[in-house]
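Peer 1: Below you will find the structure I want to go over with you.
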Amino acid sequence: MMRVLLFLIVLATSAVFADDGQAVPYTGRTVANVIDGFRDQGHRFAYSTNLVSDDLRVLAEPQPGSPLEVVRQILRPHGLEVRDEAGVYLVVRAEPGQRPQPDTAAVKPAVPQADIETVIVAASRYEISRDISTSQFAIDRRTIQNMPDVGEDPIRVTQRLPGTAASGASAAAHFRGGEQGEIGIVLNGQWLFDPFHIRDYQSIFSAIDARAIDGVEVYTGGFPVRYGDRMSGLVLMDSMESEKPRHTEIGLSVFNTSVLSAGNNSKGSWLFSARRGNLDLVIDPKFGQPSYFDVFGEYAFELTPDMRLSVNALYADDQVELVLETDPAEREQVVSDTRNAQLWLRLDSDWARTLSSSTVLSLVDYSNSRSGYANDPEKMIATAEDYRDVRQFAVRQDWVWSPSARHRTQWGIHAAYGEADYAYDGSAEYFGLQSLYSNQPDTVSRSVSASPQGGSYALYVSDRWRVSSRGVVEWGLRWDDQTYTDLSSDSQLSPRLNVMLQPWERAELRFSIGRYHQSQPVQSLQIEDGLTNFWPAQRADHVIVGLKHLTGNDTAVRLEAFRKEIRDVRPRFENLYDPLGLMPELQADRVRLDPSRAEARGLEISADRTMGDWSWWASYTWSKVTDRIDGRDVPRSWDQRHAAQGGFAWQNEVWNLSAAASVHTGWPRTDLTLLEAGLDEDGEPVNVVVPGPRNELRHPAFASVDVRLSRRFKVRRGSLLAFVEISNLLNRRNVCCTDWDVTEDAQGNEALEYSLDYWMPLLPAIGVLWEF
């Protein structure tokens with residue numbers, strides 16, 4: 001595998017020097033793509049993404065001229081024009097009597113104008129990209145870098161969407177009450193395999209370079225049948241395509257050092273990105289050495305005018321040492337070594353004007369080892385050795401048939417074969433409070449191993465019709481099955497229906513109802529908790545109603561209500577008081593949860609607007625997320641009844657200022673009580689600690705304000721961007737968890753005391769980016 005990756009790196013690097021200097025034509029590109037290219041060169045264009053959406057393409061090659069003249073030519077066929085406002089060229093609607101009519105005989109579309117292709121039918125879809133239709137947030141590749149989020153992470157930015165729940169410590173999030181593992185992440189057609197760094201401790205960063213991504217499309221529910229085996233949401237990404245024959249970026253920040261090179265010529269296009277984490281250079285070595293890096297490469301070329309092949313590779317490597325307690329008498333540390341190699345080929349084929357297909361062949365080679373120990377004779381003495389290796393081969397093929405502008409049919413197949421090897425050895429001896437939990441043994445020891453192997457298969461078909469000038473209907477059916485689970489008759493059928501109506505001008509009403517299944521992946525065996533069996537696939541039924549309206553001043557307002565009922569819920573393990581432990585499976589507060597069902601329901605209200613150099617967005621979500629356990633509805637540990645988010649951005653040709661704020665109801669917590677259980681043989685009282693009703697109480701509200709300021713300098717070659725960003729600007733102490741301990745009161749009796757642990761404090765970062 002490493003030889004293949006090295007070959008791709010050499011191939012991508014050598015392609016950089018194969019530039020033939022050919023100019024990139026405008027025809028066929030999106031209008032926003034062209035305008036953004038001029039903005040990157042320093043020209044002050046501004047537009048609302050609600051006006052310049054992803055169905056606006058350059059219909060004919062403009063005459064040579066200045067950037068302003070070119071933009072005016074490509075906007076004219078779409079009834080748009082450019083207006084000069086205080087030195088900023090703002091894209092606006094042309095006056096009705098001044099809208100020129102394009103010469104349809106002379107203007108030939110560069111791509112088939114199949115309107116049914118670009119209509120967004122599903123509710124709960126957000127596109128965070130350069131080209132946006134029905135979008136909630138206009139966050140493209142540049143804006144992802146400018147969003148004040150830790151590490152310029154394209155996965156973290158999804159936490160700004162309504163309906164998401166996240167602590168800020170992890171790059172992973174919960175979509176509408178689901179677990180973190182219920183979100184699929186796709187890059188260039190490939191379902192990514194565990195794409196996170198420091199996975200054994202909160203998955204702090206993703207393994208995807210934000211600068212290598214053109215945009216992010218997000219479903220928080222109601223996604224079409226093409227995507228399966230996930231219950232909550234999707235994050236879909238495509239790599240950037242350079243608009244220049246050659247483009248290079250070199251970055252240095254507190255979080256990482258990076259290099260990116262991209263370009264194109266008559267032979268094809270390439271992209272190469274490499275990052276090295278810098279945390280091991282800035283953290284005091286006594287707290288550990290979190291070292292990691294990732295490499296991504298893509299080389300694409302045309303086999304024929306109707307066939308395009310791209311070769312993709314993603315490699316992530318972690319060698320992480322973390323120390324929570326540095327005192328030798330209480331030392332707690334873990335050493336984790338992870339290697340994640342993914343290689344895939346994608347072939348896009350146009351068989352006819354109405355028929356196309358996309359085929360992806362992929363290989364995954366993954367290994368992870370975790371070795372930890374705790375030496376605290378007042379709490380716990382423990383060791384853990386956890387090894388897992390996974391290999392997976394897969395093929396996926398998707399077909400699209402568009403016989404007319406009113407009709408589109410999709411179908412496809414997916415087949416994967418995986419094999420995994422697990423080995424776990426762990427033991428713990430408990431002291432002090434840890435030994436007082438009721439029904440808690442003094443010691444725990446487990447040694448388990450497993451080697452599952454087998455396949456997973458899927459078929460799907462969907463049919464989309466424009467039933468009138470104001471309505472589109474799409475139905476779909478999906479079948480999934482797995483053979484590695486040793487479960488009979490566990491195949492899954494998932495019917496789905498999406499409807500989009502336009503009740504009045506500039507309004508879109510969407511309705512989604514469907515069934516979503518998620519199997520337990522071959523790489524997700526809960527072996528650290530002593531389980532060697534796979535559970536049946538979970539099932540979620542979604543019902544979503546959404547209304548989007550574009551006001552007269554181009555403010556996009558969106559209202560969405562959802563309900564998600566979950567059945568066949570997989571048992572899971574949680575820690576009642578300390579979710580941040582290095583060996584959570586051995587802690588005394590570890591509990592197994594066996595819900596009979598679960599439910600998530602809520603209402604989301606959001607709005608956004610772009611006004612020249614300024615843009616803003618805001619959202620509010622009311623939601624309730626519960627598990628049914630022993631006949632009682634219990635809030636999930638990430639349930640947040642009220643959540644509000646908002647932010648703004650301002651930019652000109654050199655400066656960029658952005659800020660984002662989030663506040664939500666505190667997450668649930670569980671109380672702890674000390675009780676007398678009897679007397680020992682000496683007549684002394686014997687105490688036990690008993691958890692109260694799970695998640696009955698709540699932590700204080702969470703709130704955070706994050707800011708980022710950057711300035712661009714012109715240098716002899718290219719430009720230099722310098723930035724400073726601060727997470728949790730107000731240094732608010734957002735409670736994470738409760739640390740309980742046993743003490744003695746004034747009478748010498750045992751009593752409980754506790755202290756609070758917190759999520760991230762004020763976290764400043766600086767960095768520079770050289771582009772040329």
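Note on naming: chains are A, B, ... as they come in the structure tokens, residues start from 1 per chain, ligands start from 1 in the order shown.
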Could you give me, as a Markdown table, every range 499-559 of chain A residue with an atom at most 10 Å from range 449-457 of chain A, plus its closest atom pair and distance in Å to one decimal, counting only C-alpha atoms, rows ordered by chain then number?
Peer 2:
| residue | atom | partner | partner_atom | distance |
| --- | --- | --- | --- | --- |
| A:Ser519 | CA | A:Ser456 | CA | 9.4 |
| A:Pro521 | CA | A:Ser456 | CA | 9.2 |
| A:Val522 | CA | A:Pro452 | CA | 7.0 |
| A:Gln523 | CA | A:Pro452 | CA | 9.1 |
| A:Leu525 | CA | A:Ala450 | CA | 8.9 |
| A:Ile527 | CA | A:Ser449 | CA | 7.5 |
| A:Glu528 | CA | A:Ser449 | CA | 9.7 |
| A:Gly530 | CA | A:Ser449 | CA | 9.1 |
| A:Leu531 | CA | A:Ser449 | CA | 9.4 |
| A:Thr532 | CA | A:Ala450 | CA | 6.4 |
| A:Asn533 | CA | A:Ala450 | CA | 9.0 |
| A:Phe534 | CA | A:Pro452 | CA | 9.5 |
Peer 1: The selected residues should be written to file as a CSV table (one decimal), in the first residue's frame (atoms: N, CA and C atoms).
Peer 2:
chain,number,residue,atom,x,y,z
A,519,SER,N,-26.3,-0.6,9.6
A,519,SER,CA,-25.7,-1.8,10.2
A,519,SER,C,-24.5,-1.5,11.0
A,521,PRO,N,-20.8,-1.6,11.4
A,521,PRO,CA,-19.7,-1.9,10.5
A,521,PRO,C,-18.8,-3.0,11.0
A,522,VAL,N,-18.1,-3.6,10.1
A,522,VAL,CA,-17.2,-4.7,10.5
A,522,VAL,C,-16.0,-4.1,11.4
A,523,GLN,N,-15.7,-2.8,11.2
A,523,GLN,CA,-14.7,-2.2,12.0
A,523,GLN,C,-15.1,-1.7,13.3
A,525,LEU,N,-16.8,-3.3,16.0
A,525,LEU,CA,-17.1,-4.3,17.1
A,525,LEU,C,-16.7,-3.7,18.5
A,527,ILE,N,-15.5,-4.6,21.1
A,527,ILE,CA,-14.7,-5.6,21.8
A,527,ILE,C,-14.0,-5.1,23.1
A,528,GLU,N,-13.8,-3.7,23.2
A,528,GLU,CA,-13.2,-3.2,24.4
A,528,GLU,C,-14.1,-3.3,25.6
A,530,GLY,N,-16.0,-6.1,25.9
A,530,GLY,CA,-16.2,-7.5,26.1
A,530,GLY,C,-17.2,-8.1,25.1
A,531,LEU,N,-17.6,-7.4,24.1
A,531,LEU,CA,-18.6,-8.0,23.1
A,531,LEU,C,-17.9,-8.5,21.9
A,532,THR,N,-18.3,-9.6,21.4
A,532,THR,CA,-17.7,-10.2,20.2
A,532,THR,C,-18.8,-10.5,19.1
A,533,ASN,N,-20.0,-10.0,19.4
A,533,ASN,CA,-21.1,-10.3,18.4
A,533,ASN,C,-21.6,-9.0,17.8
A,534,PHE,N,-22.1,-9.1,16.6
A,534,PHE,CA,-22.7,-7.9,15.9
A,534,PHE,C,-24.2,-7.8,16.1
Peer 1: Env of Gln180 in chain A: 10 Å cut, atoms = only C-alpha atoms, seq-sep filter 6 positions within chain, self excluded. Answer as a list of chain:residue names.
Peer 2: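 Answer for this query is A:Ala165, A:Ala166, A:Ala171, A:Ala172, A:Ala173, A:His174, A:Ser232, A:Gly233.
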Peer 1: How many Å separate CA of Leu756 in chain A from CA of Cys736 in chain A?
Peer 2: 7.4 Å
Peer 1: Excluding same-chain residues fewer than 6 positions from Met500 in chain A, what lies within 10 Å of it counting only C-alpha atoms, as a PyMOL selection string?
Peer 2: chain A and resi 119-123+466+470-474+508-512+546-547
Peer 1: Go ahead and write the residues just picked, all heavy atoms, as a short mmCIF file (atom, residue, chain, number, x, y, z; two decimals), in the first residue's frame.
Peer 2:
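For reference, result-v3.cif as written:
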data_model
loop_
_atom_site.label_atom_id
_atom_site.label_comp_id
_atom_site.auth_asym_id
_atom_site.auth_seq_id
_atom_site.Cartn_x
_atom_site.Cartn_y
_atom_site.Cartn_z
N VAL A 119 -32.69 20.32 -9.54
CA VAL A 119 -33.71 20.60 -8.54
C VAL A 119 -33.41 19.84 -7.26
O VAL A 119 -33.18 18.63 -7.28
CB VAL A 119 -35.11 20.22 -9.07
CG1 VAL A 119 -36.15 20.37 -7.96
CG2 VAL A 119 -35.48 21.09 -10.26
N ILE A 120 -33.38 20.54 -6.15
CA ILE A 120 -33.14 19.91 -4.85
C ILE A 120 -34.49 19.54 -4.25
O ILE A 120 -35.27 20.41 -3.88
CB ILE A 120 -32.36 20.85 -3.92
CG1 ILE A 120 -31.10 21.35 -4.61
CG2 ILE A 120 -32.02 20.14 -2.62
CD1 ILE A 120 -30.20 20.26 -5.13
N VAL A 121 -34.75 18.25 -4.17
CA VAL A 121 -36.05 17.78 -3.71
C VAL A 121 -36.04 17.49 -2.22
O VAL A 121 -36.99 17.77 -1.51
CB VAL A 121 -36.48 16.51 -4.49
CG1 VAL A 121 -37.85 16.05 -4.05
CG2 VAL A 121 -36.47 16.79 -5.99
N ALA A 122 -34.94 16.94 -1.71
CA ALA A 122 -34.90 16.49 -0.32
C ALA A 122 -34.87 17.69 0.63
O ALA A 122 -34.24 18.71 0.36
CB ALA A 122 -33.68 15.62 -0.08
N ALA A 123 -35.57 17.54 1.75
CA ALA A 123 -35.45 18.51 2.83
C ALA A 123 -34.16 18.26 3.58
O ALA A 123 -33.48 17.26 3.37
CB ALA A 123 -36.65 18.40 3.76
N ARG A 466 -40.82 15.88 -12.72
CA ARG A 466 -41.40 17.21 -12.57
C ARG A 466 -42.86 17.09 -12.99
O ARG A 466 -43.19 17.02 -14.18
CB ARG A 466 -40.67 18.23 -13.44
CG ARG A 466 -41.25 19.64 -13.30
CD ARG A 466 -40.54 20.64 -14.20
NE ARG A 466 -39.20 20.92 -13.74
CZ ARG A 466 -38.90 21.77 -12.76
NH1 ARG A 466 -39.88 22.40 -12.12
NH2 ARG A 466 -37.66 21.99 -12.41
N ARG A 470 -44.55 23.75 -10.91
CA ARG A 470 -44.30 24.12 -9.53
C ARG A 470 -44.08 22.92 -8.61
O ARG A 470 -44.07 23.07 -7.40
CB ARG A 470 -45.46 24.96 -8.98
CG ARG A 470 -45.55 26.34 -9.58
CD ARG A 470 -46.71 27.12 -8.98
NE ARG A 470 -46.75 28.49 -9.47
CZ ARG A 470 -46.14 29.52 -8.89
NH1 ARG A 470 -45.43 29.32 -7.78
NH2 ARG A 470 -46.20 30.74 -9.39
N GLY A 471 -43.92 21.73 -9.18
CA GLY A 471 -43.79 20.56 -8.32
C GLY A 471 -42.90 19.48 -8.88
O GLY A 471 -42.90 19.21 -10.08
N VAL A 472 -42.11 18.85 -7.99
CA VAL A 472 -41.24 17.74 -8.35
C VAL A 472 -41.42 16.64 -7.29
O VAL A 472 -41.50 16.93 -6.09
CB VAL A 472 -39.76 18.16 -8.41
CG1 VAL A 472 -38.87 16.97 -8.72
CG2 VAL A 472 -39.56 19.26 -9.44
N VAL A 473 -41.51 15.41 -7.74
CA VAL A 473 -41.68 14.26 -6.86
C VAL A 473 -40.56 13.26 -7.13
O VAL A 473 -40.21 13.00 -8.29
CB VAL A 473 -43.05 13.58 -7.05
CG1 VAL A 473 -43.16 12.33 -6.19
CG2 VAL A 473 -44.18 14.55 -6.72
N GLU A 474 -39.98 12.70 -6.07
CA GLU A 474 -38.97 11.65 -6.21
C GLU A 474 -39.27 10.53 -5.22
O GLU A 474 -39.45 10.78 -4.03
CB GLU A 474 -37.57 12.21 -5.95
CG GLU A 474 -36.46 11.17 -6.10
CD GLU A 474 -35.09 11.74 -5.82
OE1 GLU A 474 -34.81 12.08 -4.65
OE2 GLU A 474 -34.31 11.87 -6.78
N GLU A 508 -40.07 27.73 -1.55
CA GLU A 508 -39.95 26.29 -1.81
C GLU A 508 -40.41 25.53 -0.58
O GLU A 508 -39.91 25.76 0.53
CB GLU A 508 -38.51 25.92 -2.16
CG GLU A 508 -37.99 26.57 -3.44
CD GLU A 508 -36.49 26.43 -3.60
OE1 GLU A 508 -35.83 26.09 -2.60
OE2 GLU A 508 -35.98 26.66 -4.71
N LEU A 509 -41.36 24.64 -0.79
CA LEU A 509 -41.88 23.79 0.27
C LEU A 509 -41.44 22.36 0.00
O LEU A 509 -41.69 21.83 -1.09
CB LEU A 509 -43.41 23.88 0.34
CG LEU A 509 -44.10 22.98 1.37
CD1 LEU A 509 -43.73 23.41 2.79
CD2 LEU A 509 -45.62 23.03 1.17
N ARG A 510 -40.78 21.74 0.98
CA ARG A 510 -40.26 20.39 0.79
C ARG A 510 -40.81 19.46 1.87
O ARG A 510 -40.98 19.85 3.02
CB ARG A 510 -38.73 20.38 0.83
CG ARG A 510 -38.10 21.04 -0.38
CD ARG A 510 -36.58 20.99 -0.30
NE ARG A 510 -35.97 21.43 -1.53
CZ ARG A 510 -35.78 22.72 -1.85
NH1 ARG A 510 -36.14 23.66 -1.00
NH2 ARG A 510 -35.22 23.04 -3.00
N PHE A 511 -41.03 18.22 1.44
CA PHE A 511 -41.54 17.19 2.35
C PHE A 511 -40.75 15.91 2.10
O PHE A 511 -40.61 15.48 0.95
CB PHE A 511 -43.03 16.96 2.10
CG PHE A 511 -43.59 15.81 2.89
CD1 PHE A 511 -43.85 15.93 4.25
CD2 PHE A 511 -43.86 14.59 2.27
CE1 PHE A 511 -44.37 14.86 4.97
CE2 PHE A 511 -44.38 13.53 2.98
CZ PHE A 511 -44.64 13.67 4.34
N SER A 512 -40.22 15.34 3.17
CA SER A 512 -39.45 14.10 3.06
C SER A 512 -39.96 13.09 4.08
O SER A 512 -40.17 13.44 5.26
CB SER A 512 -37.95 14.34 3.30
OG SER A 512 -37.39 15.14 2.29
N GLY A 546 -40.17 21.23 5.35
CA GLY A 546 -39.35 22.43 5.34
C GLY A 546 -39.88 23.47 4.37
O GLY A 546 -40.38 23.14 3.29
N LEU A 547 -39.77 24.74 4.74
CA LEU A 547 -40.18 25.85 3.90
C LEU A 547 -39.04 26.85 3.83
O LEU A 547 -38.50 27.27 4.87
CB LEU A 547 -41.43 26.54 4.48
CG LEU A 547 -41.90 27.81 3.75
CD1 LEU A 547 -42.37 27.47 2.33
CD2 LEU A 547 -42.99 28.52 4.54
#
Peer 1: Apply DSSP to the structure's backbone, then extract all residues of range 265-353 of chain A labelled strand (DSSP E) and return them as a PyMOL selection string.
Peer 2: chain A and resi 265+268-277+288-304+307-325+332-352
Peer 1: Under the rule that only C-alpha atoms are counted, which of A:Leu657, A:Ile726, A:Leu576, A:Val569 is the nearest residue to Glu696 in chain A?
Peer 2: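 That would be A:Leu576, the residue with the smallest distance to Glu696 in chain A.
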Peer 1: Let's see if you can do this: from backbone DSSP, list all helix (DSSP H, G or I) residues in range 276-470 of chain A, as a list in words.
Peer 2: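 Restricting range 276-470 of chain A to helix (DSSP H, G or I) produces Leu279, Asp280, Leu281, Val282, Pro285, Lys286, Phe287, Pro328, Ala329, Glu330, Gly432, Leu433, Gln434 and Ser435 of chain A.
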Peer 1: Can you write out the residues you just picked, keeping N, CA, C and O atoms, as a tab-separated table (two decimals), in the first residue's frame?
Peer 2:
chain	number	residue	atom	x	y	z
A	279	LEU	N	0.85	20.13	17.10
A	279	LEU	CA	0.54	20.10	18.52
A	279	LEU	C	1.71	19.55	19.34
A	279	LEU	O	1.94	19.99	20.47
A	280	ASP	N	2.44	18.59	18.79
A	280	ASP	CA	3.56	18.03	19.53
A	280	ASP	C	4.70	19.02	19.70
A	280	ASP	O	5.57	18.84	20.55
A	281	LEU	N	4.66	20.11	18.89
A	281	LEU	CA	5.70	21.13	18.99
A	281	LEU	C	5.33	22.23	19.96
A	281	LEU	O	6.21	22.97	20.44
A	282	VAL	N	4.03	22.40	20.24
A	282	VAL	CA	3.59	23.51	21.09
A	282	VAL	C	3.13	23.05	22.47
A	282	VAL	O	3.03	23.86	23.39
A	285	PRO	N	5.97	18.67	26.63
A	285	PRO	CA	6.14	17.21	26.48
A	285	PRO	C	5.66	16.39	27.66
A	285	PRO	O	5.33	15.22	27.51
A	286	LYS	N	5.58	17.00	28.83
A	286	LYS	CA	5.13	16.21	29.98
A	286	LYS	C	3.67	15.82	29.86
A	286	LYS	O	3.19	14.92	30.56
A	287	PHE	N	2.90	16.51	28.96
A	287	PHE	CA	1.51	16.16	28.73
A	287	PHE	C	1.33	15.27	27.51
A	287	PHE	O	0.20	14.95	27.14
A	328	PRO	N	4.04	10.93	38.99
A	328	PRO	CA	4.33	9.49	38.88
A	328	PRO	C	3.47	8.63	39.80
A	328	PRO	O	3.17	7.48	39.48
A	329	ALA	N	3.04	9.18	40.92
A	329	ALA	CA	2.22	8.40	41.86
A	329	ALA	C	0.78	8.27	41.37
A	329	ALA	O	0.03	7.44	41.89
A	330	GLU	N	0.36	9.08	40.37
A	330	GLU	CA	-1.01	9.02	39.87
A	330	GLU	C	-1.03	9.00	38.34
A	330	GLU	O	-2.02	9.37	37.73
A	432	GLY	N	-10.80	3.53	46.63
A	432	GLY	CA	-11.51	4.75	46.97
A	432	GLY	C	-12.92	4.76	46.43
A	432	GLY	O	-13.66	3.78	46.51
A	433	LEU	N	-13.32	5.88	45.86
A	433	LEU	CA	-14.67	6.02	45.34
A	433	LEU	C	-14.98	4.98	44.27
A	433	LEU	O	-16.09	4.45	44.20
A	434	GLN	N	-13.98	4.68	43.43
A	434	GLN	CA	-14.23	3.74	42.34
A	434	GLN	C	-14.65	2.36	42.85
A	434	GLN	O	-15.37	1.64	42.16
A	435	SER	N	-14.24	2.01	44.05
A	435	SER	CA	-14.59	0.69	44.59
A	435	SER	C	-15.92	0.70	45.33
A	435	SER	O	-16.39	-0.36	45.76
Peer 1: Using only C-alpha atoms, which of A:Gln640, A:Asn146, A:Asn687, A:Asn340 sits nearest Pro668 in chain A?
Peer 2: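 Closest to Pro668 in chain A of all the choices is A:Gln640.
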